[in-house]
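Asks: Please find query_21.cif (mmCIF, N, CA and C atoms) on the next line:
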data_upload
#
loop_
_atom_site.label_atom_id
_atom_site.label_comp_id
_atom_site.auth_asym_id
_atom_site.auth_seq_id
_atom_site.Cartn_x
_atom_site.Cartn_y
_atom_site.Cartn_z
N MET A 1 0.81 -1.18 0.00
CA MET A 1 0.00 0.00 0.00
C MET A 1 0.86 1.25 0.00
N LYS A 2 1.95 1.21 0.75
CA LYS A 2 2.84 2.35 0.85
C LYS A 2 3.45 2.65 -0.51
N TRP A 3 3.86 1.61 -1.25
CA TRP A 3 4.48 1.81 -2.57
C TRP A 3 3.48 2.35 -3.60
N GLY A 4 2.26 1.93 -3.47
CA GLY A 4 1.21 2.39 -4.37
C GLY A 4 0.96 3.89 -4.22
N LYS A 5 0.91 4.36 -2.95
CA LYS A 5 0.73 5.79 -2.70
C LYS A 5 1.93 6.57 -3.21
N LEU A 6 3.13 6.04 -3.00
CA LEU A 6 4.35 6.72 -3.45
C LEU A 6 4.39 6.79 -4.98
N LEU A 7 3.98 5.71 -5.64
CA LEU A 7 3.93 5.69 -7.10
C LEU A 7 2.91 6.69 -7.61
N MET A 8 1.73 6.75 -7.01
CA MET A 8 0.71 7.72 -7.42
C MET A 8 1.18 9.15 -7.17
N LEU A 9 1.89 9.38 -6.07
CA LEU A 9 2.42 10.71 -5.78
C LEU A 9 3.46 11.13 -6.82
N CYS A 10 4.32 10.21 -7.22
CA CYS A 10 5.33 10.51 -8.25
C CYS A 10 4.68 10.79 -9.59
N ILE A 11 3.71 10.00 -9.96
CA ILE A 11 3.00 10.22 -11.23
C ILE A 11 2.28 11.56 -11.19
N GLY A 12 1.64 11.87 -10.09
CA GLY A 12 0.94 13.16 -9.93
C GLY A 12 1.91 14.32 -10.01
N LEU A 13 3.07 14.17 -9.38
CA LEU A 13 4.09 15.21 -9.41
C LEU A 13 4.61 15.42 -10.84
N ILE A 14 4.83 14.35 -11.57
CA ILE A 14 5.29 14.44 -12.96
C ILE A 14 4.24 15.14 -13.82
N VAL A 15 2.97 14.79 -13.62
CA VAL A 15 1.89 15.42 -14.39
C VAL A 15 1.82 16.92 -14.08
N VAL A 16 1.95 17.30 -12.82
CA VAL A 16 1.89 18.72 -12.43
C VAL A 16 3.07 19.48 -13.03
N ILE A 17 4.26 18.90 -12.95
CA ILE A 17 5.45 19.55 -13.52
C ILE A 17 5.29 19.70 -15.03
N TYR A 18 4.82 18.68 -15.68
CA TYR A 18 4.61 18.73 -17.13
C TYR A 18 3.57 19.80 -17.48
N TRP A 19 2.49 19.85 -16.69
CA TRP A 19 1.42 20.80 -16.95
C TRP A 19 1.91 22.24 -16.74
N ILE A 20 2.75 22.46 -15.75
CA ILE A 20 3.29 23.80 -15.48
C ILE A 20 4.29 24.21 -16.57
N SER A 21 5.07 23.26 -17.06
CA SER A 21 6.14 23.61 -18.02
C SER A 21 5.61 23.86 -19.42
N ILE A 22 4.42 23.41 -19.78
CA ILE A 22 3.90 23.60 -21.13
C ILE A 22 3.72 25.08 -21.48
N PRO A 23 3.08 25.92 -20.67
CA PRO A 23 2.95 27.33 -21.04
C PRO A 23 4.30 28.02 -21.20
N SER A 24 5.24 27.72 -20.35
CA SER A 24 6.54 28.37 -20.47
C SER A 24 7.25 27.90 -21.75
N TYR A 25 7.09 26.66 -22.13
CA TYR A 25 7.70 26.16 -23.37
C TYR A 25 7.07 26.84 -24.58
N ASN A 26 5.72 26.99 -24.57
CA ASN A 26 5.04 27.67 -25.67
C ASN A 26 5.47 29.13 -25.76
N SER A 27 5.59 29.79 -24.60
CA SER A 27 6.02 31.19 -24.64
C SER A 27 7.46 31.28 -25.13
N TYR A 28 8.29 30.30 -24.80
CA TYR A 28 9.67 30.28 -25.30
C TYR A 28 9.67 30.15 -26.81
N LYS A 29 8.80 29.25 -27.35
CA LYS A 29 8.72 29.08 -28.80
C LYS A 29 8.25 30.38 -29.46
N GLN A 30 7.28 31.05 -28.86
CA GLN A 30 6.77 32.30 -29.43
C GLN A 30 7.84 33.38 -29.42
N LYS A 31 8.61 33.46 -28.34
CA LYS A 31 9.69 34.45 -28.27
C LYS A 31 10.77 34.15 -29.30
N ALA A 32 11.11 32.88 -29.45
CA ALA A 32 12.13 32.49 -30.43
C ALA A 32 11.65 32.81 -31.84
N LYS A 33 10.38 32.57 -32.11
CA LYS A 33 9.85 32.86 -33.45
C LYS A 33 9.82 34.37 -33.69
N ALA A 34 9.47 35.15 -32.68
CA ALA A 34 9.46 36.61 -32.82
C ALA A 34 10.87 37.13 -33.08
N GLN A 35 11.88 36.56 -32.41
CA GLN A 35 13.25 36.98 -32.65
C GLN A 35 13.69 36.59 -34.06
N GLU A 36 13.28 35.42 -34.52
CA GLU A 36 13.64 34.97 -35.87
C GLU A 36 13.04 35.89 -36.91
N VAL A 37 11.78 36.28 -36.72
CA VAL A 37 11.13 37.19 -37.65
C VAL A 37 11.80 38.57 -37.60
N ALA A 38 12.22 39.00 -36.40
CA ALA A 38 12.86 40.30 -36.27
C ALA A 38 14.20 40.34 -36.99
N HIS A 39 14.89 39.21 -37.08
CA HIS A 39 16.20 39.17 -37.73
C HIS A 39 16.10 39.02 -39.25
N GLN A 40 14.94 38.67 -39.76
CA GLN A 40 14.78 38.54 -41.20
C GLN A 40 14.67 39.92 -41.82
N ALA A 41 15.18 40.04 -43.04
CA ALA A 41 15.09 41.32 -43.74
C ALA A 41 13.63 41.59 -44.08
N PRO A 42 13.17 42.81 -43.87
CA PRO A 42 11.78 43.11 -44.20
C PRO A 42 11.57 43.09 -45.71
N VAL A 43 10.39 42.67 -46.11
CA VAL A 43 10.05 42.65 -47.53
C VAL A 43 9.45 44.01 -47.87
N PRO A 44 10.11 44.77 -48.74
CA PRO A 44 9.57 46.10 -49.02
C PRO A 44 8.27 46.01 -49.82
N ILE A 45 7.30 46.80 -49.42
CA ILE A 45 6.03 46.84 -50.13
C ILE A 45 6.17 47.73 -51.35
N SER A 46 6.88 48.80 -51.20
CA SER A 46 7.13 49.69 -52.33
C SER A 46 8.63 49.95 -52.40
N PRO A 47 9.12 50.39 -53.54
CA PRO A 47 10.56 50.64 -53.64
C PRO A 47 11.01 51.66 -52.61
N GLU A 48 12.19 51.42 -52.07
CA GLU A 48 12.73 52.34 -51.09
C GLU A 48 13.11 53.64 -51.78
N PRO A 49 12.93 54.77 -51.10
CA PRO A 49 13.31 56.03 -51.72
C PRO A 49 14.82 56.09 -51.91
N LEU A 50 15.22 56.72 -52.98
CA LEU A 50 16.64 56.85 -53.27
C LEU A 50 17.23 57.97 -52.42
N PRO A 51 18.51 57.90 -52.11
CA PRO A 51 19.14 59.00 -51.38
C PRO A 51 19.02 60.29 -52.19
N PRO A 52 19.07 61.44 -51.54
CA PRO A 52 18.87 62.71 -52.25
C PRO A 52 19.89 62.95 -53.37
N ASP A 53 21.11 62.46 -53.22
CA ASP A 53 22.12 62.72 -54.23
C ASP A 53 22.11 61.70 -55.38
N PHE A 54 21.17 60.76 -55.33
CA PHE A 54 21.10 59.70 -56.33
C PHE A 54 20.00 60.05 -57.33
N SER A 55 20.37 60.46 -58.51
CA SER A 55 19.37 60.90 -59.49
C SER A 55 18.78 59.71 -60.23
N LYS A 56 17.68 59.94 -60.92
CA LYS A 56 17.06 58.89 -61.71
C LYS A 56 17.98 58.44 -62.83
N ARG A 57 18.70 59.39 -63.39
CA ARG A 57 19.60 59.05 -64.49
C ARG A 57 20.72 58.12 -64.02
N SER A 58 21.29 58.40 -62.87
CA SER A 58 22.36 57.52 -62.38
C SER A 58 21.80 56.15 -62.00
N ALA A 59 20.54 56.10 -61.53
CA ALA A 59 19.91 54.80 -61.23
C ALA A 59 19.71 54.03 -62.53
N GLY A 60 19.26 54.71 -63.58
CA GLY A 60 19.09 54.06 -64.89
C GLY A 60 20.41 53.57 -65.45
N GLU A 61 21.46 54.37 -65.29
CA GLU A 61 22.78 53.97 -65.78
C GLU A 61 23.30 52.76 -65.01
N THR A 62 23.01 52.70 -63.72
CA THR A 62 23.41 51.53 -62.92
C THR A 62 22.72 50.28 -63.44
N VAL A 63 21.42 50.37 -63.71
CA VAL A 63 20.68 49.21 -64.23
C VAL A 63 21.26 48.79 -65.58
N MET A 64 21.49 49.75 -66.47
CA MET A 64 22.00 49.41 -67.80
C MET A 64 23.41 48.83 -67.73
N ASN A 65 24.23 49.28 -66.79
CA ASN A 65 25.57 48.70 -66.62
C ASN A 65 25.47 47.24 -66.18
N LEU A 66 24.52 46.94 -65.31
CA LEU A 66 24.31 45.55 -64.90
C LEU A 66 23.83 44.71 -66.07
N VAL A 67 22.97 45.28 -66.91
CA VAL A 67 22.48 44.55 -68.08
C VAL A 67 23.63 44.27 -69.05
N ARG A 68 24.52 45.25 -69.23
CA ARG A 68 25.67 45.06 -70.14
C ARG A 68 26.60 43.95 -69.66
N GLN A 69 26.59 43.67 -68.36
CA GLN A 69 27.39 42.56 -67.84
C GLN A 69 26.77 41.22 -68.21
N GLN A 70 25.45 41.18 -68.42
CA GLN A 70 24.74 39.94 -68.70
C GLN A 70 24.40 39.77 -70.17
N ALA A 71 24.53 40.83 -70.96
CA ALA A 71 24.05 40.76 -72.34
C ALA A 71 24.85 41.69 -73.23
N ASN A 72 24.73 41.44 -74.54
CA ASN A 72 25.27 42.37 -75.54
C ASN A 72 24.19 43.40 -75.81
N VAL A 73 24.51 44.65 -75.62
CA VAL A 73 23.54 45.73 -75.79
C VAL A 73 24.06 46.65 -76.88
N TYR A 74 23.24 46.88 -77.92
CA TYR A 74 23.65 47.80 -78.97
C TYR A 74 22.42 48.41 -79.63
N GLU A 75 22.66 49.51 -80.31
CA GLU A 75 21.59 50.22 -80.99
C GLU A 75 21.60 49.89 -82.47
N GLU A 76 20.41 49.70 -83.01
CA GLU A 76 20.23 49.53 -84.45
C GLU A 76 19.26 50.61 -84.90
N GLY A 77 19.79 51.64 -85.50
CA GLY A 77 18.94 52.76 -85.88
C GLY A 77 18.43 53.47 -84.65
N ASP A 78 17.11 53.57 -84.53
CA ASP A 78 16.53 54.25 -83.37
C ASP A 78 16.03 53.28 -82.29
N HIS A 79 16.28 52.00 -82.45
CA HIS A 79 15.85 51.05 -81.41
C HIS A 79 17.05 50.34 -80.79
N LEU A 80 16.79 49.71 -79.65
CA LEU A 80 17.83 49.04 -78.87
C LEU A 80 17.65 47.53 -78.98
N VAL A 81 18.79 46.81 -79.06
CA VAL A 81 18.78 45.35 -79.12
C VAL A 81 19.58 44.82 -77.93
N ILE A 82 18.98 43.87 -77.21
CA ILE A 82 19.65 43.25 -76.06
C ILE A 82 19.67 41.75 -76.30
N GLU A 83 20.88 41.19 -76.41
CA GLU A 83 21.06 39.75 -76.62
C GLU A 83 21.70 39.16 -75.36
N PHE A 84 20.91 38.39 -74.62
CA PHE A 84 21.40 37.81 -73.37
C PHE A 84 22.36 36.66 -73.63
N ARG A 85 23.37 36.56 -72.78
CA ARG A 85 24.35 35.47 -72.89
C ARG A 85 23.85 34.21 -72.20
N GLU A 86 22.95 34.36 -71.24
CA GLU A 86 22.35 33.23 -70.53
C GLU A 86 20.83 33.41 -70.53
N TYR A 87 20.11 32.32 -70.35
CA TYR A 87 18.65 32.41 -70.32
C TYR A 87 18.21 33.20 -69.10
N LEU A 88 17.22 34.02 -69.29
CA LEU A 88 16.75 34.95 -68.28
C LEU A 88 15.54 34.36 -67.55
N TYR A 89 15.72 34.00 -66.29
CA TYR A 89 14.64 33.45 -65.45
C TYR A 89 13.81 32.43 -66.24
N LEU A 90 14.44 31.34 -66.56
CA LEU A 90 13.85 30.34 -67.43
C LEU A 90 12.50 29.82 -66.94
N TYR A 91 12.34 29.67 -65.63
CA TYR A 91 11.12 29.06 -65.09
C TYR A 91 10.21 30.03 -64.35
N ASP A 92 10.54 31.32 -64.34
CA ASP A 92 9.71 32.28 -63.63
C ASP A 92 9.36 33.44 -64.56
N ILE A 93 8.19 33.38 -65.14
CA ILE A 93 7.76 34.36 -66.13
C ILE A 93 7.56 35.74 -65.50
N ASN A 94 7.16 35.78 -64.23
CA ASN A 94 6.93 37.06 -63.56
C ASN A 94 8.24 37.81 -63.35
N LYS A 95 9.28 37.10 -62.92
CA LYS A 95 10.59 37.74 -62.75
C LYS A 95 11.16 38.19 -64.09
N ARG A 96 10.93 37.39 -65.11
CA ARG A 96 11.41 37.74 -66.44
C ARG A 96 10.75 39.04 -66.92
N LEU A 97 9.44 39.12 -66.75
CA LEU A 97 8.72 40.32 -67.16
C LEU A 97 9.15 41.54 -66.34
N ALA A 98 9.34 41.36 -65.05
CA ALA A 98 9.77 42.47 -64.20
C ALA A 98 11.16 42.96 -64.62
N TYR A 99 12.04 42.03 -64.96
CA TYR A 99 13.40 42.38 -65.39
C TYR A 99 13.33 43.18 -66.70
N VAL A 100 12.54 42.71 -67.65
CA VAL A 100 12.43 43.38 -68.95
C VAL A 100 11.84 44.78 -68.77
N ARG A 101 10.86 44.92 -67.91
CA ARG A 101 10.27 46.24 -67.64
C ARG A 101 11.28 47.17 -66.99
N ARG A 102 12.06 46.64 -66.06
CA ARG A 102 13.06 47.45 -65.38
C ARG A 102 14.08 47.99 -66.38
N VAL A 103 14.49 47.15 -67.32
CA VAL A 103 15.44 47.58 -68.35
C VAL A 103 14.81 48.64 -69.24
N ALA A 104 13.56 48.45 -69.64
CA ALA A 104 12.88 49.43 -70.50
C ALA A 104 12.74 50.77 -69.78
N ASP A 105 12.40 50.73 -68.49
CA ASP A 105 12.29 51.97 -67.72
C ASP A 105 13.63 52.68 -67.61
N ALA A 106 14.69 51.91 -67.36
CA ALA A 106 16.03 52.51 -67.25
C ALA A 106 16.44 53.14 -68.57
N ASP A 107 16.16 52.47 -69.67
CA ASP A 107 16.51 53.02 -70.97
C ASP A 107 15.71 54.29 -71.26
N ALA A 108 14.45 54.32 -70.88
CA ALA A 108 13.63 55.51 -71.09
C ALA A 108 14.16 56.70 -70.29
N VAL A 109 14.62 56.45 -69.09
CA VAL A 109 15.17 57.52 -68.27
C VAL A 109 16.46 58.05 -68.89
N ILE A 110 17.31 57.14 -69.37
CA ILE A 110 18.59 57.56 -69.93
C ILE A 110 18.40 58.27 -71.27
N SER A 111 17.59 57.70 -72.15
CA SER A 111 17.43 58.28 -73.48
C SER A 111 16.43 59.44 -73.50
N GLY A 112 15.63 59.58 -72.47
CA GLY A 112 14.67 60.68 -72.40
C GLY A 112 13.33 60.35 -73.04
N LYS A 113 13.19 59.16 -73.60
CA LYS A 113 11.93 58.76 -74.22
C LYS A 113 11.85 57.24 -74.27
N ALA A 114 10.64 56.75 -74.36
CA ALA A 114 10.46 55.31 -74.52
C ALA A 114 10.76 54.96 -75.97
N ARG A 115 11.47 53.88 -76.19
CA ARG A 115 11.78 53.48 -77.56
C ARG A 115 11.65 51.98 -77.72
N LEU A 116 11.71 51.55 -78.93
CA LEU A 116 11.57 50.14 -79.26
C LEU A 116 12.79 49.37 -78.78
N ILE A 117 12.56 48.28 -78.03
CA ILE A 117 13.65 47.44 -77.53
C ILE A 117 13.30 45.99 -77.83
N TYR A 118 14.25 45.27 -78.40
CA TYR A 118 14.11 43.84 -78.66
C TYR A 118 15.04 43.09 -77.72
N TYR A 119 14.51 42.07 -77.05
CA TYR A 119 15.27 41.22 -76.13
C TYR A 119 15.37 39.83 -76.76
N TYR A 120 16.58 39.29 -76.83
CA TYR A 120 16.79 37.98 -77.44
C TYR A 120 17.42 37.01 -76.45
N ASN A 121 17.02 35.74 -76.51
CA ASN A 121 17.64 34.66 -75.75
C ASN A 121 19.02 34.36 -76.32
N PRO A 122 19.81 33.54 -75.62
CA PRO A 122 21.12 33.17 -76.17
C PRO A 122 21.04 32.46 -77.52
N GLY A 123 19.96 31.77 -77.79
CA GLY A 123 19.79 31.08 -79.07
C GLY A 123 19.36 31.99 -80.20
N GLY A 124 19.18 33.27 -79.93
CA GLY A 124 18.78 34.21 -80.95
C GLY A 124 17.27 34.32 -81.13
N LYS A 125 16.51 33.67 -80.26
CA LYS A 125 15.05 33.72 -80.35
C LYS A 125 14.54 34.93 -79.57
N LEU A 126 13.53 35.61 -80.13
CA LEU A 126 12.96 36.79 -79.49
C LEU A 126 12.33 36.41 -78.15
N LEU A 127 12.77 37.06 -77.10
CA LEU A 127 12.29 36.81 -75.75
C LEU A 127 11.17 37.77 -75.38
N ALA A 128 11.39 39.05 -75.66
CA ALA A 128 10.42 40.06 -75.29
C ALA A 128 10.58 41.27 -76.20
N LYS A 129 9.58 42.14 -76.12
CA LYS A 129 9.62 43.34 -76.94
C LYS A 129 9.02 44.48 -76.13
N ALA A 130 9.69 45.63 -76.17
CA ALA A 130 9.17 46.82 -75.52
C ALA A 130 9.01 47.89 -76.59
N ASP A 131 7.84 48.47 -76.65
CA ASP A 131 7.67 49.58 -77.58
C ASP A 131 6.83 50.66 -76.92
N PRO A 132 6.97 51.89 -77.37
CA PRO A 132 6.28 53.00 -76.72
C PRO A 132 4.76 52.95 -76.87
N TRP A 133 4.24 52.23 -77.82
CA TRP A 133 2.80 52.22 -78.09
C TRP A 133 2.07 51.10 -77.35
N ARG A 134 2.67 49.93 -77.30
CA ARG A 134 2.00 48.77 -76.68
C ARG A 134 2.59 48.38 -75.33
N GLY A 135 3.69 48.97 -74.96
CA GLY A 135 4.31 48.66 -73.68
C GLY A 135 5.26 47.48 -73.77
N VAL A 136 5.54 46.88 -72.62
CA VAL A 136 6.48 45.76 -72.53
C VAL A 136 5.70 44.46 -72.48
N ARG A 137 6.12 43.50 -73.28
CA ARG A 137 5.44 42.20 -73.26
C ARG A 137 6.42 41.09 -73.64
N LEU A 138 6.17 39.93 -73.09
CA LEU A 138 6.98 38.77 -73.40
C LEU A 138 6.46 38.12 -74.66
N VAL A 139 7.28 37.29 -75.30
CA VAL A 139 6.89 36.63 -76.54
C VAL A 139 5.70 35.73 -76.31
N GLU A 140 5.64 35.04 -75.16
CA GLU A 140 4.52 34.14 -74.87
C GLU A 140 3.21 34.92 -74.84
N GLU A 141 3.26 36.18 -74.43
CA GLU A 141 2.06 36.98 -74.35
C GLU A 141 1.67 37.56 -75.71
N MET A 142 2.59 37.58 -76.67
CA MET A 142 2.29 38.16 -77.98
C MET A 142 1.53 37.20 -78.87
N LYS A 143 1.50 35.92 -78.53
CA LYS A 143 0.83 34.92 -79.36
C LYS A 143 -0.66 35.09 -79.35
#
Represent the structure contained in this file as structure tokens.
Replies:
Amino acid sequence: MKWGKLLMLCIGLIVVIYWISIPSYNSYKQKAKAQEVAHQAPVPISPEPLPPDFSKRSAGETVMNLVRQQANVYEEGDHLVIEFREYLYLYDINKRLAYVRRVADADAVISGKARLIYYYNPGGKLLAKADPWRGVRLVEEMK
């Protein structure tokens, strides 16, 4: 009988300790998750404002310099031709379209007007087209 009471007391004590420790463990998990979220870089909802000394033209030139590192860029008459050396976001059409738009915007800022731009894949196939009348569109969207 004595051992039975001692066993029940131990089991009861374990249950009470377990029951008390659960809220503190959950609060520890919540604090750890809050710290993890605090250390992650925030996702900007809108583009960050540029520093006062950073003009739109220099931002456009920065974008075009990055494009020149990834592609052959040259003018043919009054339009621009961009031939990429590697495939551009092969599996993500949204990133591809955003990239093409960014380049068209940068070129418009630098040249002072929107102009016709042809984008080609490494195989020489037309990837996208930007023109002042219809805007920027990918080849898949032109079909």
Asks: Which one of A:Gly135, A:Gly123, A:Ala106, A:Thr62 sits closest to Glu86 (chain A) if you count all atoms listed in the file?
Replies: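 Answer, going by the shortest atom-to-atom distance: A:Gly123.
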Asks: Enumerate the residues of region 66-131 of chain A with a DSSP assignment of helix (DSSP H, G or I), computed from the backbone, and present them as a count of residues only.
Replies: 24
Asks: Got a sec to resolve the PyMOL selection byres ((chain A and resi 82) around 7) on this structure and send the residues as an MDAnalysis selection string?
Replies: chainID A and resid 71:74 80:81 83:84 117:121
Asks: Mind checking which residues fall within 12 Å of Trp133 (chain A), counting only C-alpha atoms, ignoring those fewer than 2 positions away in the same chain, and posting them as a PyMOL selection string?
Replies: chain A and resi 113-117+129-131+135-137
Asks: Using the selection just defined, write its residues with N, CA and C atoms as a short mmCIF file (atom, residue, chain, number, x, y, z; two decimals), keeping the file's coordinate frame.
Replies:
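After the write, result05.cif holds the following:
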data_model
loop_
_atom_site.label_atom_id
_atom_site.label_comp_id
_atom_site.auth_asym_id
_atom_site.auth_seq_id
_atom_site.Cartn_x
_atom_site.Cartn_y
_atom_site.Cartn_z
N LYS A 113 13.19 59.16 -73.60
CA LYS A 113 11.93 58.76 -74.22
C LYS A 113 11.85 57.24 -74.27
N ALA A 114 10.64 56.75 -74.36
CA ALA A 114 10.46 55.31 -74.52
C ALA A 114 10.76 54.96 -75.97
N ARG A 115 11.47 53.88 -76.19
CA ARG A 115 11.78 53.48 -77.56
C ARG A 115 11.65 51.98 -77.72
N LEU A 116 11.71 51.55 -78.93
CA LEU A 116 11.57 50.14 -79.26
C LEU A 116 12.79 49.37 -78.78
N ILE A 117 12.56 48.28 -78.03
CA ILE A 117 13.65 47.44 -77.53
C ILE A 117 13.30 45.99 -77.83
N LYS A 129 9.58 42.14 -76.12
CA LYS A 129 9.62 43.34 -76.94
C LYS A 129 9.02 44.48 -76.13
N ALA A 130 9.69 45.63 -76.17
CA ALA A 130 9.17 46.82 -75.52
C ALA A 130 9.01 47.89 -76.59
N ASP A 131 7.84 48.47 -76.65
CA ASP A 131 7.67 49.58 -77.58
C ASP A 131 6.83 50.66 -76.92
N GLY A 135 3.69 48.97 -74.96
CA GLY A 135 4.31 48.66 -73.68
C GLY A 135 5.26 47.48 -73.77
N VAL A 136 5.54 46.88 -72.62
CA VAL A 136 6.48 45.76 -72.53
C VAL A 136 5.70 44.46 -72.48
N ARG A 137 6.12 43.50 -73.28
CA ARG A 137 5.44 42.20 -73.26
C ARG A 137 6.42 41.09 -73.64
#
Asks: Which neighbours of Leu88 (chain A) fall inside 9 Å, counting only C-alpha atoms, when residues of the same chain fewer than 5 positions from it are skipped, and could you give them as a ChimeraX atom specification?
Replies: /A:95-96,99,121,127
Asks: Do you have the CA of Leu97 (chain A)-CA of Leu126 (chain A) distance handy?
Replies: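 For CA of Leu97 (chain A) relative to CA of Leu126 (chain A), the distance reads 13.5 Å.
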Asks: What does the structure give for the distance between CA of Leu90 (chain A) and CA of Gly124 (chain A), in Å to one decimal?
Replies: 14.9 Å
Asks: Between CA of Ser58 (chain A) and CA of Glu76 (chain A), measure the distance and give it in Å to one decimal.
Replies: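 Pair CA of Ser58 (chain A) / CA of Glu76 (chain A) returns 23.6 Å.
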Asks: Per DSSP on the backbone, filter region 87-121 of chain A down to the residues in strand (DSSP E) and report them as a PyMOL selection string.
Replies: chain A and resi 117-120
Asks: Would you save the residues of that selection, restricted to N, CA and C atoms, as a short mmCIF file (atom, residue, chain, number, x, y, z; two decimals), in the frame of the given file?
Replies:
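What follows is the written file part.cif:
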data_model
loop_
_atom_site.label_atom_id
_atom_site.label_comp_id
_atom_site.auth_asym_id
_atom_site.auth_seq_id
_atom_site.Cartn_x
_atom_site.Cartn_y
_atom_site.Cartn_z
N ILE A 117 12.56 48.28 -78.03
CA ILE A 117 13.65 47.44 -77.53
C ILE A 117 13.30 45.99 -77.83
N TYR A 118 14.25 45.27 -78.40
CA TYR A 118 14.11 43.84 -78.66
C TYR A 118 15.04 43.09 -77.72
N TYR A 119 14.51 42.07 -77.05
CA TYR A 119 15.27 41.22 -76.13
C TYR A 119 15.37 39.83 -76.76
N TYR A 120 16.58 39.29 -76.83
CA TYR A 120 16.79 37.98 -77.44
C TYR A 120 17.42 37.01 -76.45
#
Asks: Between A:Ile93, A:Ala98, A:Ile110, A:Val139, single out the one closest to Glu61 (chain A), counting only C-alpha atoms.
Replies: A:Ile110
Asks: Find the residue from A:Val67, A:Ala59, A:Leu6, A:Val100 that sits nearest to Leu138 (chain A); use only C-alpha atoms when measuring.
Replies: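 Going through A:Val67, A:Ala59, A:Leu6, A:Val100 one by one, the smallest distance to Leu138 (chain A) is for A:Val100.
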Asks: List the spatial neighbours of Val109 (chain A) as a PDB file with N, CA and C atoms, keeping the file's coordinate frame - criterion: any atom at most 7 Å away, only C-alpha atoms, same-chain residues fewer than 6 positions off excluded.
Replies:
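So selection.pdb came out as:
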ATOM      1  N   LYS A  56      17.680  59.940 -60.920  1.00  0.00           N
ATOM      2  CA  LYS A  56      17.060  58.890 -61.710  1.00  0.00           C
ATOM      3  C   LYS A  56      17.980  58.440 -62.830  1.00  0.00           C
ATOM      4  N   ARG A  57      18.700  59.390 -63.390  1.00  0.00           N
ATOM      5  CA  ARG A  57      19.600  59.050 -64.490  1.00  0.00           C
ATOM      6  C   ARG A  57      20.720  58.120 -64.020  1.00  0.00           C
ATOM      7  N   GLY A  60      19.260  54.710 -63.580  1.00  0.00           N
ATOM      8  CA  GLY A  60      19.090  54.060 -64.890  1.00  0.00           C
ATOM      9  C   GLY A  60      20.410  53.570 -65.450  1.00  0.00           C
TER      10      GLY A  60
END
